[in-house]
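Worksheet: one structure, shown below.
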Amino acid sequence: MRSLNLLPWRDRMQRTRRRDAWTALLCGLVAGMAVVAATELHFAGKLREVERRAAQLQAAIAVHRGAAAEQRNLQSRNADMGAVLTEMQRIRRHNRAVRAWLEELSEAVPPELRLKRLSIKGTVWELQGVAGNLEPAAQLLQTIRAMPAVSESRIEHLRSDSGQAREFALAGVFAE
C-alpha cells in the first residue's frame, strides 16, 4: 500500500528545516574553520616575531659573551702585568739596597783584609777573603751587622793554611 501524505506542507517544512540546519551547520563549520585559520595565522605571525626576537637576543648574548670573555682575558692579563710590575718594583728596590750595601761595604772593609770573592744570589750574599789575623774580619762582620740593608750575617768558616794568612767566609741575608 501506498502512503498518502495528507499534510504536504509539513513535509516541505521538514525538508526546509533540514536544509536550513545543514546550511547552518556548514556555514558554522566554515566560519569555525575561518576563525581557526585566522587565529592560526595570527599566532604564527606572533611566533615568527618571537623567534626573530629570540634570534636577535641570542646574537646579542653571543656578542656580550665574547665581550665578557675578552674582558676576563684583559683582567687576567692586567693582574699578570700587575704581578710583573710588583716584582719589578721589588727587584728595583732590592737592587738599590744591594747597590747601597756595596757602597757601604767598600768603605767598611779594613785595609788589613783582602777580599777574594763576593757572590749575591737573590737575597743571600757570601763574602770570602784573607786576613793576617781574624780581628779585622770580626770587625767587618760587626760593621755589616749594623748596616740597615742586612737582616742577618754570620761567619761561615775559618781556615788557616799557615801562620800568616787566614781565610774567612761571611754570609748573610739582605733585609726585605
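Within each chain, counting starts at residue 1; across the C-alpha cells, chains are named A, B, ... in the order shown, with ligands numbered 1 upward in that order.
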
- Do a neighbour search on Gln142 (chain A) at 12 Å with only C-alpha atoms, toss out local chain neighbours closer than 6 positions, and write the hits as an MDAnalysis selection string. chainID A and resid 105 108:110 135:136 150 152:155 170

- Message: Residues of region 8-168 of chain A classed as strand (DSSP E) by DSSP on the backbone are to be reported as a PyMOL selection string.
- Response: chain A and resi 113-121+124-131+150-160+166-168

Show me, as a compact mmCIF listing (two decimals) with N, CA, C and O atoms, in the first residue's frame, the residues that have an atom within 12 Å of Phe168 (chain A) when counting only C-alpha atoms, minus same-chain residues fewer than 6 positions from it.
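The result, written out as result-v4.txt:
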```txt
# COMPACT_ATOMS: atom_id res chain seq x y z
N LEU A 113 142.38 43.57 55.35
CA LEU A 113 141.67 42.45 54.71
C LEU A 113 141.84 42.53 53.19
O LEU A 113 141.93 43.60 52.62
N ARG A 114 141.84 41.34 52.60
CA ARG A 114 141.83 41.27 51.15
C ARG A 114 140.65 40.38 50.76
O ARG A 114 140.57 39.21 51.15
N LEU A 115 139.71 40.97 50.05
CA LEU A 115 138.52 40.22 49.63
C LEU A 115 138.84 39.44 48.36
O LEU A 115 139.42 39.97 47.42
N LYS A 116 138.46 38.17 48.35
CA LYS A 116 138.73 37.31 47.20
C LYS A 116 137.48 37.08 46.35
O LYS A 116 137.57 36.97 45.14
N ARG A 117 136.33 37.02 47.02
CA ARG A 117 135.13 36.66 46.27
C ARG A 117 133.90 37.24 46.96
O ARG A 117 133.79 37.21 48.18
N GLU A 126 127.41 36.16 50.02
CA GLU A 126 128.55 35.47 50.65
C GLU A 126 129.81 36.24 50.27
O GLU A 126 129.98 36.64 49.12
N LEU A 127 130.68 36.43 51.25
CA LEU A 127 131.89 37.22 51.09
C LEU A 127 133.07 36.37 51.58
O LEU A 127 133.04 35.86 52.70
N GLN A 128 134.09 36.17 50.74
CA GLN A 128 135.26 35.40 51.13
C GLN A 128 136.48 36.30 51.04
O GLN A 128 136.57 37.15 50.15
N GLY A 129 137.39 36.09 51.97
CA GLY A 129 138.58 36.93 51.99
C GLY A 129 139.70 36.29 52.77
O GLY A 129 139.58 35.20 53.33
N VAL A 130 140.81 37.03 52.83
CA VAL A 130 142.02 36.59 53.53
C VAL A 130 142.46 37.73 54.43
O VAL A 130 142.42 38.90 54.03
N ALA A 131 142.90 37.36 55.65
CA ALA A 131 143.39 38.38 56.60
C ALA A 131 144.57 37.81 57.35
O ALA A 131 144.71 36.58 57.51
N GLY A 132 145.43 38.69 57.82
CA GLY A 132 146.58 38.27 58.62
C GLY A 132 146.11 37.68 59.94
O GLY A 132 146.61 36.65 60.39
N ASN A 133 145.15 38.32 60.57
CA ASN A 133 144.52 37.75 61.76
C ASN A 133 143.01 37.96 61.61
O ASN A 133 142.55 38.67 60.73
N LEU A 134 142.25 37.38 62.46
CA LEU A 134 140.80 37.40 62.30
C LEU A 134 140.13 38.60 62.95
O LEU A 134 138.92 38.75 62.86
N GLU A 135 140.90 39.43 63.60
CA GLU A 135 140.32 40.61 64.23
C GLU A 135 139.67 41.55 63.21
O GLU A 135 138.54 42.00 63.42
N PRO A 136 140.29 41.87 62.07
CA PRO A 136 139.62 42.72 61.07
C PRO A 136 138.38 42.05 60.48
O PRO A 136 137.41 42.73 60.15
N ALA A 137 138.40 40.71 60.34
CA ALA A 137 137.22 40.00 59.82
C ALA A 137 136.06 40.13 60.80
O ALA A 137 134.91 40.35 60.39
N ALA A 138 136.34 40.02 62.10
CA ALA A 138 135.30 40.18 63.11
C ALA A 138 134.79 41.63 63.11
O ALA A 138 133.58 41.87 63.26
N LEU A 140 134.75 43.63 60.49
CA LEU A 140 133.93 43.76 59.28
C LEU A 140 132.55 43.14 59.49
O LEU A 140 131.54 43.71 59.09
N LEU A 141 132.50 41.99 60.17
CA LEU A 141 131.23 41.34 60.45
C LEU A 141 130.35 42.25 61.31
O LEU A 141 129.15 42.39 61.04
N ARG A 154 126.69 36.21 59.37
CA ARG A 154 127.39 35.24 60.23
C ARG A 154 128.71 34.84 59.57
O ARG A 154 128.88 35.02 58.37
N ILE A 155 129.58 34.25 60.37
CA ILE A 155 130.82 33.69 59.84
C ILE A 155 130.53 32.26 59.45
O ILE A 155 130.04 31.47 60.25
N GLU A 156 130.83 31.92 58.20
CA GLU A 156 130.56 30.58 57.71
C GLU A 156 131.71 29.63 58.05
O GLU A 156 131.47 28.55 58.56
N HIS A 157 132.91 30.01 57.73
CA HIS A 157 134.03 29.14 58.09
C HIS A 157 135.33 29.95 58.16
O HIS A 157 135.44 31.03 57.58
N LEU A 158 136.24 29.38 58.87
CA LEU A 158 137.59 29.95 59.02
C LEU A 158 138.57 28.85 58.67
O LEU A 158 138.37 27.69 59.01
N ARG A 159 139.66 29.25 58.00
CA ARG A 159 140.69 28.26 57.68
C ARG A 159 142.04 28.94 57.72
O ARG A 159 142.20 30.05 57.23
N SER A 160 142.96 28.23 58.27
CA SER A 160 144.30 28.79 58.38
C SER A 160 145.28 27.82 57.72
O SER A 160 145.42 26.69 58.14
N ASP A 161 145.93 28.30 56.61
CA ASP A 161 146.92 27.47 55.93
C ASP A 161 148.27 27.56 56.62
O ASP A 161 148.98 26.59 56.76
```

- Would you kindly return, as a list of chain:residue names, each protein, DNA or RNA residue with an atom no farther than 12 Å from any atom of region 82-93 of chain A, considering only C-alpha atoms and excluding same-chain residues fewer than 3 positions away? A:Leu74, A:Gln75, A:Ser76, A:Arg77, A:Asn78, A:Ala79, A:Arg96, A:Ala97, A:Val98, A:Arg99, A:Ala100, A:Gly122, A:Thr123, A:Ala149, A:Phe174, A:Ala175, A:Glu176

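Counting only C-alpha atoms, the residue from A:Ile61, A:Ala38, A:Met81, A:Met147 that sits nearest to Leu102 (chain A) is A:Met147.
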
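Distance-wise, CA of Asn95 (chain A) and CA of Val124 (chain A) end up 12.7 Å apart.
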